[in-house]
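Enquirer: File model.txt below, compact mmCIF, C-alpha atoms and all ligand atoms:
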```txt
# COMPACT_ATOMS: atom_id res chain seq x y z
CA VAL A 1 109.32 92.25 47.90
CA THR A 2 108.64 88.71 46.76
CA THR A 3 106.75 88.02 49.94
CA ARG A 4 103.80 90.15 48.93
CA ARG A 5 102.14 87.73 46.52
CA GLU A 6 102.69 84.86 48.89
CA PHE A 7 101.24 86.87 51.73
CA ILE A 8 98.11 87.95 49.94
CA ALA A 9 97.56 84.44 48.64
CA ARG A 10 97.94 83.04 52.11
CA ALA A 11 95.81 85.68 53.80
CA GLY A 12 93.13 84.93 51.23
CA THR A 13 93.05 81.25 52.06
CA ALA A 14 93.33 81.68 55.75
CA GLY A 15 91.08 84.59 56.41
CA LEU A 16 88.47 84.77 53.73
CA GLY A 17 86.01 82.28 52.36
CA ALA A 18 87.85 79.23 53.56
CA THR A 19 85.79 76.08 54.04
CA LEU A 20 85.91 74.65 57.50
CA GLY A 21 87.52 71.31 58.11
CA ALA A 22 85.16 68.53 59.14
CA GLY A 23 84.61 68.37 62.87
CA ALA A 24 85.32 72.05 63.61
CA GLY A 25 82.21 71.99 65.75
CA ALA A 26 82.21 75.76 66.17
CA ALA A 27 78.47 76.26 66.31
CA GLU A 28 77.65 73.54 68.79
CA ALA A 29 80.57 74.45 71.03
CA ALA A 30 79.69 78.11 71.05
CA ASP A 31 78.00 78.18 74.45
CA ALA A 32 80.05 75.61 76.29
CA ASN A 33 82.44 78.12 77.77
CA ALA A 34 80.14 81.03 78.50
CA PRO A 35 80.12 82.07 82.17
CA ALA A 36 76.55 82.11 83.45
CA GLY A 37 74.66 85.23 82.47
CA ARG A 38 77.25 86.48 79.99
CA PRO A 39 77.12 86.12 76.23
CA ALA A 40 79.55 83.63 74.76
CA SER A 41 80.62 85.83 71.91
CA VAL A 42 81.22 89.54 71.45
CA PRO A 43 80.64 90.82 67.90
CA PHE A 44 83.78 91.94 66.05
CA TYR A 45 81.99 94.37 63.72
CA GLY A 46 80.47 97.59 65.09
CA THR A 47 80.84 101.34 65.56
CA HIS A 48 83.69 100.94 68.02
CA GLN A 49 86.23 98.16 68.21
CA ALA A 50 85.37 95.52 70.79
CA GLY A 51 87.79 95.16 73.71
CA ILE A 52 87.57 98.78 74.87
CA ALA A 53 84.08 99.38 76.29
CA THR A 54 83.62 95.60 76.55
CA PRO A 55 83.46 94.51 80.21
CA THR A 56 86.96 93.16 80.85
CA GLN A 57 87.42 89.46 80.32
CA GLU A 58 89.51 87.33 82.69
CA HIS A 59 92.54 87.01 80.42
CA VAL A 60 94.60 88.95 77.92
CA HIS A 61 97.20 87.91 75.40
CA PHE A 62 98.85 90.99 74.00
CA LEU A 63 100.94 90.99 70.83
CA ALA A 64 102.96 93.67 69.06
CA LEU A 65 103.89 92.98 65.43
CA ASP A 66 106.49 94.70 63.29
CA VAL A 67 105.69 95.12 59.61
CA VAL A 68 108.70 94.01 57.56
CA SER A 69 107.24 94.66 54.11
CA ASP A 70 107.74 98.21 52.86
CA SER A 71 104.67 98.17 50.62
CA VAL A 72 101.60 100.12 51.66
CA GLY A 73 99.53 97.57 49.71
CA ASP A 74 100.87 94.83 51.95
CA LEU A 75 100.02 96.86 55.04
CA ARG A 76 96.46 97.33 53.79
CA ALA A 77 96.12 93.62 52.89
CA LEU A 78 97.54 92.67 56.29
CA LEU A 79 95.01 94.81 58.18
CA ALA A 80 92.19 93.42 56.03
CA ALA A 81 93.33 89.86 56.70
CA LEU A 82 93.66 90.49 60.45
CA SER A 83 90.09 91.83 60.62
CA ALA A 84 88.65 88.96 58.58
CA ALA A 85 90.43 86.44 60.79
CA ALA A 86 89.48 88.27 63.99
CA ALA A 87 85.81 88.19 62.96
CA ARG A 88 85.99 84.42 62.56
CA LEU A 89 87.92 83.89 65.79
CA THR A 90 85.61 86.03 67.90
CA SER A 91 82.61 84.04 66.70
CA GLY A 92 84.39 80.84 67.70
CA GLU A 93 85.30 79.64 64.22
CA PRO A 94 88.75 78.48 63.19
CA VAL A 95 90.67 80.96 61.00
CA GLY A 96 90.79 78.36 58.23
CA PRO A 97 90.63 74.64 57.51
CA LEU A 98 91.74 72.18 60.17
CA ARG A 99 92.22 69.43 57.57
CA THR A 100 94.34 70.33 54.58
CA GLY A 101 95.77 67.07 53.23
CA VAL A 102 99.54 67.20 52.99
CA ASP A 103 99.74 70.92 53.84
CA PRO A 104 99.93 72.03 57.46
CA PRO A 105 96.47 72.84 58.89
CA VAL A 106 95.59 76.53 58.46
CA ASP A 107 94.05 76.82 61.93
CA THR A 108 96.31 75.40 64.63
CA GLY A 109 93.38 73.69 66.35
CA GLU A 110 93.89 74.29 70.05
CA THR A 111 90.44 75.82 70.55
CA VAL A 112 88.37 73.10 68.92
CA GLY A 113 85.52 72.52 71.34
CA LEU A 114 86.18 75.59 73.48
CA GLY A 115 83.75 78.15 72.01
CA PRO A 116 84.42 81.87 71.61
CA ALA A 117 84.81 82.59 75.37
CA ARG A 118 83.94 86.28 74.81
CA LEU A 119 87.10 86.74 72.75
CA THR A 120 87.75 90.28 71.53
CA VAL A 121 90.57 91.25 69.20
CA THR A 122 91.46 94.95 69.31
CA VAL A 123 93.81 96.27 66.64
CA GLY A 124 96.14 99.27 67.13
CA LEU A 125 98.55 101.12 64.87
CA GLY A 126 101.94 102.27 66.18
CA PRO A 127 103.55 105.67 65.47
CA ALA A 128 106.37 104.09 63.42
CA LEU A 129 103.88 103.24 60.62
CA PHE A 130 103.61 106.98 59.98
CA LYS A 131 107.34 107.65 59.73
CA PRO A 132 108.31 109.74 56.71
CA GLY A 133 109.65 107.65 53.85
CA ARG A 134 108.10 104.40 55.05
CA PHE A 135 104.57 103.92 53.70
CA GLY A 136 103.83 107.48 52.62
CA LEU A 137 101.37 107.82 55.54
CA GLU A 138 103.10 110.68 57.39
CA SER A 139 100.36 113.19 56.58
CA ARG A 140 97.76 110.82 58.09
CA ARG A 141 99.40 110.59 61.50
CA PRO A 142 96.89 111.54 64.20
CA ALA A 143 98.21 114.36 66.40
CA PRO A 144 97.39 112.47 69.64
CA LEU A 145 99.58 109.53 68.48
CA VAL A 146 102.77 111.08 69.84
CA ASP A 147 105.93 109.23 70.74
CA LEU A 148 105.77 108.88 74.52
CA PRO A 149 108.39 110.90 76.39
CA THR A 150 110.85 109.20 78.71
CA PHE A 151 109.42 109.43 82.21
CA SER A 152 111.47 109.77 85.37
CA GLY A 153 112.76 106.34 86.45
CA ASP A 154 111.90 104.54 83.19
CA SER A 155 114.09 101.51 82.47
CA LEU A 156 112.56 100.53 79.16
CA GLN A 157 113.83 97.60 77.15
CA PRO A 158 113.42 98.09 73.39
CA GLY A 159 112.72 94.38 72.77
CA ILE A 160 109.53 94.54 74.88
CA SER A 161 108.45 98.03 73.82
CA ASN A 162 106.72 99.65 70.83
CA GLY A 163 105.59 97.83 67.70
CA ASP A 164 103.84 98.66 64.41
CA ILE A 165 100.60 96.80 65.03
CA ALA A 166 99.01 95.87 68.37
CA ILE A 167 96.73 92.91 68.85
CA GLN A 168 94.95 92.92 72.21
CA ALA A 169 93.25 89.55 72.50
CA CYS A 170 91.03 89.27 75.60
CA ALA A 171 88.96 86.21 76.52
CA GLU A 172 87.49 84.33 79.46
CA ASP A 173 89.75 81.41 78.58
CA PRO A 174 93.54 81.93 78.32
CA GLN A 175 93.81 79.27 75.63
CA VAL A 176 91.28 81.11 73.44
CA ALA A 177 93.27 84.35 73.78
CA PHE A 178 96.53 82.53 73.05
CA HIS A 179 95.02 80.80 70.02
CA ALA A 180 94.00 84.15 68.52
CA VAL A 181 97.54 85.52 68.85
CA HIS A 182 99.12 82.25 67.68
CA ASN A 183 97.03 82.19 64.51
CA LEU A 184 97.26 85.91 63.79
CA ILE A 185 101.07 85.67 63.93
CA ARG A 186 100.95 82.87 61.33
CA LEU A 187 98.52 84.80 59.19
CA ALA A 188 100.62 87.98 59.31
CA SER A 189 103.79 86.21 58.18
CA PRO A 190 105.77 87.10 56.13
CA ALA A 191 104.51 90.71 55.87
CA ALA A 192 104.87 91.16 59.63
CA VAL A 193 106.75 89.41 62.42
CA PRO A 194 106.07 89.26 66.16
CA ARG A 195 108.05 91.76 68.24
CA TRP A 196 106.86 91.03 71.78
CA SER A 197 103.89 89.46 73.51
CA LEU A 198 102.67 88.99 77.05
CA ALA A 199 99.80 87.11 78.68
CA GLY A 200 97.94 88.47 81.67
CA PHE A 201 95.29 87.52 84.24
CA GLY A 202 93.44 89.36 87.01
CA ARG A 203 91.74 92.14 85.14
CA THR A 204 91.13 95.74 86.14
CA LEU A 205 87.36 95.98 86.50
CA ASN A 206 85.38 98.36 84.30
CA THR A 207 81.87 97.39 85.37
CA ARG A 208 79.74 97.44 88.52
CA GLY A 209 77.74 94.75 90.22
CA ARG A 210 80.51 92.17 90.51
CA PRO A 211 83.24 92.05 93.14
CA THR A 212 86.32 94.08 92.15
CA PRO A 213 89.22 91.71 91.39
CA ARG A 214 92.53 92.14 93.22
CA ASN A 215 95.94 92.67 91.66
CA ILE A 216 98.98 90.65 92.76
CA LEU A 217 99.67 93.22 95.48
CA GLY A 218 96.35 92.22 97.06
CA PHE A 219 94.54 95.50 96.29
CA LYS A 220 91.22 95.80 94.48
CA GLU A 221 91.72 97.32 91.10
CA GLY A 222 89.15 99.18 89.02
CA THR A 223 87.17 100.78 91.84
CA ALA A 224 87.38 104.35 90.48
CA ASN A 225 87.67 103.27 86.84
CA ILE A 226 85.41 104.50 84.03
CA VAL A 227 82.60 101.96 83.79
CA ALA A 228 81.53 100.33 80.54
CA HIS A 229 77.97 101.73 80.55
CA ASP A 230 79.00 105.33 81.29
CA GLN A 231 78.38 106.72 77.82
CA ALA A 232 79.05 110.31 78.84
CA ALA A 233 82.46 109.40 80.29
CA PHE A 234 83.33 107.38 77.19
CA ASP A 235 82.41 110.29 74.92
CA ARG A 236 84.40 112.74 76.97
CA PHE A 237 87.46 110.68 77.94
CA VAL A 238 87.77 107.60 75.71
CA TRP A 239 86.45 107.92 72.14
CA ALA A 240 88.63 109.88 69.73
CA GLY A 241 87.08 112.66 67.69
CA ALA A 242 87.42 116.16 66.29
CA PRO A 243 89.17 118.49 66.62
CA GLU A 244 92.32 116.70 67.77
CA SER A 245 91.88 113.47 65.77
CA PRO A 246 91.50 113.06 61.99
CA ALA A 247 88.12 111.83 60.68
CA TRP A 248 89.41 108.28 60.13
CA MET A 249 90.00 107.96 63.90
CA ASN A 250 86.50 109.14 64.87
CA GLY A 251 85.12 106.63 67.39
CA GLY A 252 88.52 105.03 67.87
CA SER A 253 90.76 105.47 70.90
CA TYR A 254 94.45 105.72 71.83
CA MET A 255 95.94 102.86 73.79
CA VAL A 256 98.98 103.16 76.04
CA VAL A 257 100.61 99.95 77.24
CA ARG A 258 103.21 99.77 80.01
CA ARG A 259 104.92 96.66 81.27
CA ILE A 260 105.47 97.43 84.93
CA GLN A 261 107.60 94.98 86.85
CA ILE A 262 106.65 94.72 90.52
CA LEU A 263 109.38 94.00 93.05
CA LEU A 264 107.22 91.54 94.97
CA ASP A 265 109.87 90.57 97.54
CA HIS A 266 110.16 94.19 98.56
CA TRP A 267 106.40 94.80 98.58
CA ASP A 268 105.80 91.66 100.64
CA SER A 269 108.25 92.90 103.27
CA VAL A 270 106.43 96.13 104.16
CA SER A 271 103.64 96.50 106.72
CA LEU A 272 99.95 96.60 105.87
CA ASP A 273 99.90 100.24 106.99
CA GLN A 274 102.63 101.17 104.56
CA GLN A 275 100.99 99.21 101.75
CA GLU A 276 97.73 101.09 102.33
CA ARG A 277 99.51 104.45 102.52
CA THR A 278 101.08 103.70 99.13
CA PHE A 279 97.75 103.42 97.34
CA GLY A 280 95.63 105.58 99.67
CA ARG A 281 93.09 102.81 100.08
CA HIS A 282 92.40 100.06 102.60
CA LYS A 283 93.65 96.75 101.30
CA LEU A 284 90.83 94.44 102.33
CA SER A 285 87.74 96.64 101.90
CA GLY A 286 89.11 98.79 99.08
CA ALA A 287 87.73 101.91 100.85
CA PRO A 288 89.66 105.18 100.54
CA LEU A 289 91.76 105.71 103.70
CA GLY A 290 89.58 107.24 106.37
CA GLU A 291 86.36 105.81 104.85
CA ARG A 292 84.53 102.53 105.38
CA HIS A 293 83.26 101.23 102.07
CA GLU A 294 84.89 100.58 98.72
CA PHE A 295 82.77 103.05 96.77
CA ASP A 296 82.74 105.82 99.38
CA PRO A 297 83.82 109.08 97.71
CA ILE A 298 87.50 109.96 97.98
CA ASP A 299 88.03 113.03 100.16
CA LEU A 300 91.54 114.24 99.38
CA ASN A 301 91.23 117.03 101.97
CA LYS A 302 90.35 114.80 104.89
CA VAL A 303 92.70 115.14 107.85
CA VAL A 304 93.05 112.43 110.50
CA ASP A 305 95.19 113.03 113.62
CA GLY A 306 96.59 116.18 112.05
CA ARG A 307 97.76 114.42 108.86
CA PRO A 308 96.14 113.97 105.46
CA ALA A 309 94.16 110.69 105.50
CA ILE A 310 95.44 110.07 101.98
CA SER A 311 99.17 110.77 101.72
CA ARG A 312 100.34 113.58 99.48
CA LEU A 313 102.20 110.99 97.40
CA ALA A 314 99.56 108.24 97.43
CA HIS A 315 98.84 106.60 94.07
CA ILE A 316 95.14 107.51 94.06
CA ARG A 317 95.85 111.15 94.88
CA LEU A 318 98.39 111.73 92.10
CA ALA A 319 96.25 109.81 89.59
CA SER A 320 92.98 111.48 90.62
CA PRO A 321 91.01 113.82 88.32
CA ALA A 322 91.52 116.55 90.97
CA TYR A 323 95.28 116.44 90.33
CA ASN A 324 94.93 116.00 86.56
CA ASP A 325 92.76 118.90 85.36
CA GLY A 326 89.65 116.74 85.66
CA GLU A 327 91.01 114.15 83.22
CA ARG A 328 90.39 110.42 83.50
CA ILE A 329 91.48 107.32 81.58
CA LEU A 330 89.88 103.95 80.96
CA ARG A 331 92.12 101.33 82.59
CA ARG A 332 91.96 97.84 81.14
CA GLY A 333 95.13 96.31 82.52
CA TYR A 334 96.05 92.86 83.81
CA SER A 335 98.55 91.23 86.15
CA TYR A 336 101.22 89.02 84.64
CA THR A 337 103.88 86.64 85.79
CA ASP A 338 106.79 85.39 83.77
CA GLY A 339 107.89 82.79 86.28
CA ILE A 340 110.90 82.70 88.55
CA TYR A 341 114.33 82.66 87.00
CA ASP A 342 117.74 83.00 88.61
CA GLY A 343 115.84 82.91 91.90
CA ALA A 344 113.97 86.17 91.20
CA ALA A 345 110.25 86.38 90.58
CA GLY A 346 109.21 88.19 87.43
CA GLY A 347 105.74 89.61 87.50
CA GLY A 348 103.81 92.81 87.54
CA GLN A 349 101.19 94.74 85.73
CA LEU A 350 100.52 94.83 82.02
CA PHE A 351 99.02 98.29 82.31
CA ILE A 352 96.69 99.09 79.40
CA CYS A 353 94.67 102.27 79.16
CA PHE A 354 92.48 103.93 76.56
CA GLN A 355 91.81 107.61 76.05
CA ARG A 356 90.81 110.32 73.65
CA ASP A 357 94.18 112.11 73.70
CA PRO A 358 97.25 110.81 75.56
CA ARG A 359 98.79 114.32 75.47
CA ALA A 360 96.12 115.49 77.89
CA GLN A 361 95.56 112.23 79.78
CA PHE A 362 98.20 109.49 80.17
CA ILE A 363 101.27 111.69 79.68
CA PRO A 364 100.60 114.37 82.33
CA MET A 365 99.27 111.72 84.71
CA GLN A 366 102.28 109.45 84.31
CA THR A 367 104.62 112.44 84.58
CA LYS A 368 103.20 113.10 88.07
CA LEU A 369 103.19 109.44 89.07
CA ALA A 370 106.75 108.91 87.83
CA ARG A 371 107.99 111.77 90.00
CA GLY A 372 106.08 111.19 93.19
CA ASP A 373 104.03 107.98 93.47
CA LEU A 374 104.90 105.97 96.61
CA LEU A 375 104.31 102.89 94.46
CA ASN A 376 107.52 103.64 92.51
CA GLU A 377 109.54 102.15 95.33
CA HIS A 378 108.09 98.78 94.34
CA THR A 379 107.89 99.02 90.56
CA GLU A 380 110.00 99.41 87.45
CA HIS A 381 108.59 100.39 84.05
CA ILE A 382 110.37 98.05 81.62
CA GLY A 383 108.16 98.15 78.52
CA SER A 384 106.13 100.86 76.83
CA ALA A 385 104.04 101.33 73.70
CA ILE A 386 101.38 103.58 72.25
CA PHE A 387 98.88 102.78 69.51
CA ALA A 388 96.02 104.42 67.65
CA CYS A 389 93.07 102.03 67.71
CA PRO A 390 90.82 102.98 64.79
CA PRO A 391 87.02 102.82 65.10
CA GLY A 392 85.23 99.54 64.51
CA ALA A 393 84.58 98.16 61.04
CA GLY A 394 81.33 97.26 59.35
CA ARG A 395 80.83 93.88 57.71
CA GLY A 396 82.89 93.74 54.52
CA GLY A 397 85.23 96.45 55.84
CA PHE A 398 88.26 96.21 58.08
CA VAL A 399 89.76 98.03 61.03
CA GLY A 400 92.09 100.75 59.76
CA GLU A 401 90.47 100.99 56.33
CA GLY A 402 89.91 104.73 56.73
CA LEU A 403 93.65 105.27 56.86
CA PHE A 404 93.89 104.40 53.17
CA ALA A 405 90.80 106.29 51.97
C1 LIG B 501 101.99 98.48 88.88
C2 LIG B 501 101.28 99.47 88.44
C3 LIG B 501 99.96 99.90 89.02
C4 LIG B 501 99.21 99.33 90.00
C5 LIG B 501 99.48 98.05 90.76
C6 LIG B 501 98.04 100.17 90.17
C7 LIG B 501 97.05 99.94 91.10
C8 LIG B 501 95.99 100.79 91.36
C9 LIG B 501 95.03 100.62 92.43
C10 LIG B 501 95.02 99.47 93.42
C11 LIG B 501 94.17 101.66 92.39
C12 LIG B 501 93.00 101.96 93.35
C13 LIG B 501 91.72 101.30 92.97
C14 LIG B 501 91.13 101.74 91.67
O1 LIG B 501 90.52 102.80 91.57
O2 LIG B 501 91.32 101.00 90.71
C15 LIG B 501 94.55 102.47 91.25
C16 LIG B 501 93.92 103.61 90.84
C17 LIG B 501 94.26 104.34 89.74
N1 LIG B 501 95.38 104.16 88.96
FE1 LIG B 501 96.78 102.75 89.16
N2 LIG B 501 98.11 101.21 89.30
C18 LIG B 501 99.27 101.11 88.58
C19 LIG B 501 99.72 101.95 87.60
C20 LIG B 501 99.02 103.04 87.12
C21 LIG B 501 99.45 103.89 86.04
C22 LIG B 501 100.74 103.73 85.24
C23 LIG B 501 98.46 104.82 85.86
C24 LIG B 501 98.37 105.96 84.86
C25 LIG B 501 99.38 106.65 84.41
C26 LIG B 501 97.43 104.55 86.83
C27 LIG B 501 96.27 105.27 86.96
C28 LIG B 501 95.34 105.10 87.94
C29 LIG B 501 94.13 105.89 88.07
C30 LIG B 501 93.69 107.01 87.12
C31 LIG B 501 93.47 105.45 89.20
C32 LIG B 501 92.16 106.00 89.78
C33 LIG B 501 92.48 107.21 90.60
C34 LIG B 501 91.21 107.79 91.20
O3 LIG B 501 90.83 107.36 92.29
O4 LIG B 501 90.62 108.65 90.57
N3 LIG B 501 97.80 103.48 87.58
N4 LIG B 501 95.69 101.91 90.66
```
For this file, write the structure as structure tokens.
Ligand code: HEM

Expert:
Amino acid sequence: VTTRREFIARAGTAGLGATLGAGAGAAEAADANAPAGRPASVPFYGTHQAGIATPTQEHVHFLALDVVSDSVGDLRALLAALSAAAARLTSGEPVGPLRTGVDPPVDTGETVGLGPARLTVTVGLGPALFKPGRFGLESRRPAPLVDLPTFSGDSLQPGISNGDIAIQACAEDPQVAFHAVHNLIRLASPAAVPRWSLAGFGRTLNTRGRPTPRNILGFKEGTANIVAHDQAAFDRFVWAGAPESPAWMNGGSYMVVRRIQILLDHWDSVSLDQQERTFGRHKLSGAPLGERHEFDPIDLNKVVDGRPAISRLAHIRLASPAYNDGERILRRGYSYTDGIYDGAAGGGQLFICFQRDPRAQFIPMQTKLARGDLLNEHTEHIGSAIFACPPGAGRGGFVGEGLFA
């Protein structure tokens, strides 16, 4: 492939050791965008990749790339270049020079003056990278990185599903998240090309102490989620490890992404009672049905007027640990809208979750939800993907390096 030399040369200029163009202003702009009380930047390097246990930022820009080179050396160089660039971006620096004479600028420039805005870039590897005869990586495929089954009611579109490499860019500022994806696409070319992307807002909460945000259905989302500081829950439910994962995935996690279209017209036409029955929670307070406060424990056995307070097909019942062998997942999803076209509103949930083993967590849970969830009347799963997110990298290393060891 002739593209390889070009790619490595370009990745070298763009990602590594490039001198900044005059006026980049990264350092002095670093704090301008930080919400009060929160750090402006989240370190890229560390034991775990950022963007998993990180308290969710306001915005996501999600990208799936397809690798078009068939050389394992190119794949390795691409992952190295992505990490080097992500480290610069998350500290608020441009990926490369903004002034380059007659050549196009290396960094596209739309974040000059914005600061890092708590940007995190989380990298994932899709199952297709491990296909026999492709890169010679089939023996390295982690057992939990299965191809997802087709669930009841799925109407998946291939063009907005799957992908070889995932880039989850989250930030407090949508332009900062977009810029990361924009520049990583340029950097990845021509070894890899974008397959699909989607921007989202309105995060699922994974912390306490701040009001739980609402999704576009008006319900609080994240109430019963795993919280960022719950180390024991992360160790048990989120971080990959032995025996099911290979050593190079230790401290990583498996990400499942679903693009779930919400039929808003239909949802908006049902009563508040019916909306609350669907989730099993009160809309305004967020309390489980039959309780008063958002964080009141969920009592799935509670009976009111001779009927279960929480319907047998309510979303929170079918997704609960009690119905899933005690399993939980870390939800880190967002709402999205793709405008109105042909008179119909397009919008829904970019559902993102992390776990130690999707075979024991997402798959059985989604199998139950797909069959019974009252919410299905209002939703359509149109995109789907699964990725192995390796552990974090140390300085001088890159995310995914262990795959080639
Ligand atoms: C359009 C799609 C979806 C919407 C709007 C949605 C919304 C919600 C809401 C409002 C809650 C209650 C508050 C909370 O604890 O966060 C909730 C809980 C939950 N959802 Fe979803 N959800 C969706 C899809 C999914 C999917 C695909 C899964 C996993 C397969 C899932 C798993 C869960 C879990 C595990 C809980 C917590 C259950 C518990 O109380 O233990 N959700 N969701």

Enquirer: Kindly indicate which residue among A:Ala393, A:Ile216, A:Leu75, A:Ala143 lies nearest to Pro43 (chain A), using all atoms listed in the file for the distances.

Expert: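 The shortest atom-to-atom distance to Pro43 (chain A) comes from A:Ala393.
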
Enquirer: Please write out the residues within 6 Å of ligand LIG 501 (chain B) as a VMD selection string, counting all atoms listed in the file.

Expert: chain A and resid 219 to 225 260 316 319 to 321 328 to 329 349 362 365 to 366

Enquirer: One decimal, Å: what's the distance from CA of Thr379 (chain A) over to CA of Ser155 (chain A), could you say?

Expert: 10.5 Å

Enquirer: Which residues, protein or nucleic acid, reach to within 12 Å of (87.2, 110.3, 98.2) in the file's coordinates when using only C-alpha atoms, and can you give that as a list in words?

Expert: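 Those residues lying close to the given coordinates are Thr223, Ala224, Gly280, Arg281, Gly286, Ala287, Pro288, Leu289, Gly290, Glu291, Arg292, His293, Glu294, Phe295, Asp296, Pro297, Ile298, Asp299, Leu300, Asn301, Lys302, Ala309, Ile310, Ile316, Arg317, Ser320, Pro321 and Ala322 of chain A.
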
Enquirer: Find the residues around Thr367 (chain A) up to 12 Å (all atoms listed in the file counted), leave out those fewer than 5 positions away in its own chain, and share them as a CSV table (one decimal) with C-alpha atoms, keeping the file's coordinate frame.

Expert:
```
chain,number,residue,atom,x,y,z
A,148,LEU,CA,105.8,108.9,74.5
A,149,PRO,CA,108.4,110.9,76.4
A,150,THR,CA,110.8,109.2,78.7
A,151,PHE,CA,109.4,109.4,82.2
A,152,SER,CA,111.5,109.8,85.4
A,153,GLY,CA,112.8,106.3,86.4
A,154,ASP,CA,111.9,104.5,83.2
A,318,LEU,CA,98.4,111.7,92.1
A,319,ALA,CA,96.2,109.8,89.6
A,323,TYR,CA,95.3,116.4,90.3
A,324,ASN,CA,94.9,116.0,86.6
A,358,PRO,CA,97.2,110.8,75.6
A,359,ARG,CA,98.8,114.3,75.5
A,360,ALA,CA,96.1,115.5,77.9
A,361,GLN,CA,95.6,112.2,79.8
A,362,PHE,CA,98.2,109.5,80.2
A,372,GLY,CA,106.1,111.2,93.2
A,373,ASP,CA,104.0,108.0,93.5
```

Enquirer: Pick out the residues sitting within 9 Å of Cys170 (chain A), and hand them over as JSON, numbers by chain; count all atoms listed in the file, and ignore anything fewer than 5 positions along from it in its own chain.

Expert: {"A": [51, 56, 57, 58, 59, 60, 61, 62, 118, 119, 120, 121, 122, 176, 177]}
